[in-house]
Amino acid sequence: MSDRGRTVTREVLHSLTLNTEPWLSCDDCFELMDGYVERKLADPGYVDPVMATHLDACSACAEEAESLYALVSAGSRGI
Amino acid sequence: MTIVGRGGSAPGPQVTETERDPDDWVRALSLEGPEHDIALRRLHALLVRAARHQVWRMRPMLPGAGPEQIEELADQAADEAMVALLGKLSTFQGRSRFTTWAYKFAILQAATEVRSQAWRSRQVVLDDSHVTVDLGPSVEEYAEAADLARAATCAIEQALTPHQRRIMLALLVDDVPIDVLAERLGTNRNALYKTLHDARVRVRAHLAASGHLQPVRRVGEI
């Protein structure tokens, strides 16, 4: 314990109170990520509520999913 | 910041122009012989491509690193991703193309390496000291925001265990990357995300009980 105080901003408070149900672990997110990305590429309107909830709540998994989407998308466009 | 190579990471095998990706990656990677060697080279090239893509995406996190160091980091991540992927080859079920499945191993490894490098010389301080919630309200919103700020402070301080509070504050207030925190604590991303999930549930429940947040309805509830 230290005397270092922290300030929680409105944006951080939003993150602190995110509803992260239904539960999905980071490992399960990784397992599903390739299929999820291909479905999103095939149908931009595709929604997977469980994946979407996890990606909203976990910035590391979100970065990796966005990156995979960008990479596969570029490949399919011949970039 | 200095990027320090770990050494011992041999450059990947060279892919020749005449080689092509196998039709059945899993079979080619499982067999012995020339087809296997070609598949390994093609796979390594795929992983290098994905790792470079990831490291360059996260380049702003490594302000002192030059192109050579960036490439070295990507190659190292690709090598490690190759080991991880081959260890899980039997779990590939064809729910996506093999290349998409392979890319994610390199992306995960490269992202983890970049975050680790970026935080290499930074200290992670875990504490559960007093938190101030400042919602920066406009004049009209002041009373409402001040009330919510008090309730949120109370929720963080009373609803969480010290461990949950330390993890939640490190991840969400101090912005420590989850895999960096996992590495420092000798745990893994899954365990920390579960702690964060449980903490969020408790904060939400506390705020709902004090009338500051709508309770979550379960499926089937009206």
# chains A, B, ... in the order shown; residues from 1 in each chain; ligands from 1
>>> closest_atom_pairs(of="chain A", to="chain B", cutoff="8 Å", atoms="only C-alpha atoms", output="tab-separated table")
residue	atom	partner	partner_atom	distance
A:Met1	CA	B:Asp127	CA	5.1
A:Ser2	CA	B:Ser129	CA	5.9
A:Asp3	CA	B:Ser129	CA	6.1
A:Arg4	CA	B:Ser129	CA	6.3
A:Gly5	CA	B:His130	CA	5.4
A:Arg6	CA	B:Val131	CA	5.0
A:Thr7	CA	B:Thr132	CA	4.6
A:Val8	CA	B:Val133	CA	4.4
A:Thr9	CA	B:Leu135	CA	5.2
A:Arg10	CA	B:Leu135	CA	4.7
A:Val12	CA	B:Leu172	CA	6.6
A:Leu13	CA	B:Ala152	CA	7.8
A:Ser15	CA	B:Leu172	CA	7.1
A:Leu16	CA	B:Arg200	CA	6.0
A:Thr17	CA	B:Arg200	CA	5.6
A:Leu18	CA	B:Arg200	CA	6.6
A:Asn19	CA	B:Arg200	CA	7.2
A:Thr20	CA	B:His197	CA	6.4
A:Ser25	CA	B:Asn190	CA	5.9
A:Cys26	CA	B:Asn190	CA	5.3
A:Asp27	CA	B:Asn190	CA	6.5
A:Phe30	CA	B:Lys104	CA	7.8
A:Met33	CA	B:Lys104	CA	7.7
A:Asp34	CA	B:Trp101	CA	5.4
A:Gly35	CA	B:Ser96	CA	5.0
A:Glu38	CA	B:Ser96	CA	6.8
A:Cys58	CA	B:Tyr193	CA	7.7
A:Ala60	CA	B:Ile178	CA	7.0
A:Glu64	CA	B:Ile107	CA	6.3
A:Ser67	CA	B:Gln54	CA	6.7
A:Leu68	CA	B:Lys104	CA	6.4
A:Leu71	CA	B:Ala50	CA	7.3
A:Val72	CA	B:Thr100	CA	6.7
>>> select_by_dssp(residues="range 99-152 of chain B", states="helix (DSSP H, G or I)", output="PyMOL selection string")
chain B and resi 99-118+142-152
>>> residues_around(residues="Leu43 in chain B", least_positions_apart="4", cutoff="12 Å", atoms="only C-alpha atoms", output="ChimeraX atom specification")
/B:12-15,19-22,25-26,28-29,36-39,47-50,78-79,81-83,85-86,89,98-103,105-106
>>> closest_residue(among="A:Glu31, A:Lys40, A:Tyr46, A:Ala74", to="Cys61 in chain A", atoms="only C-alpha atoms")
A:Glu31
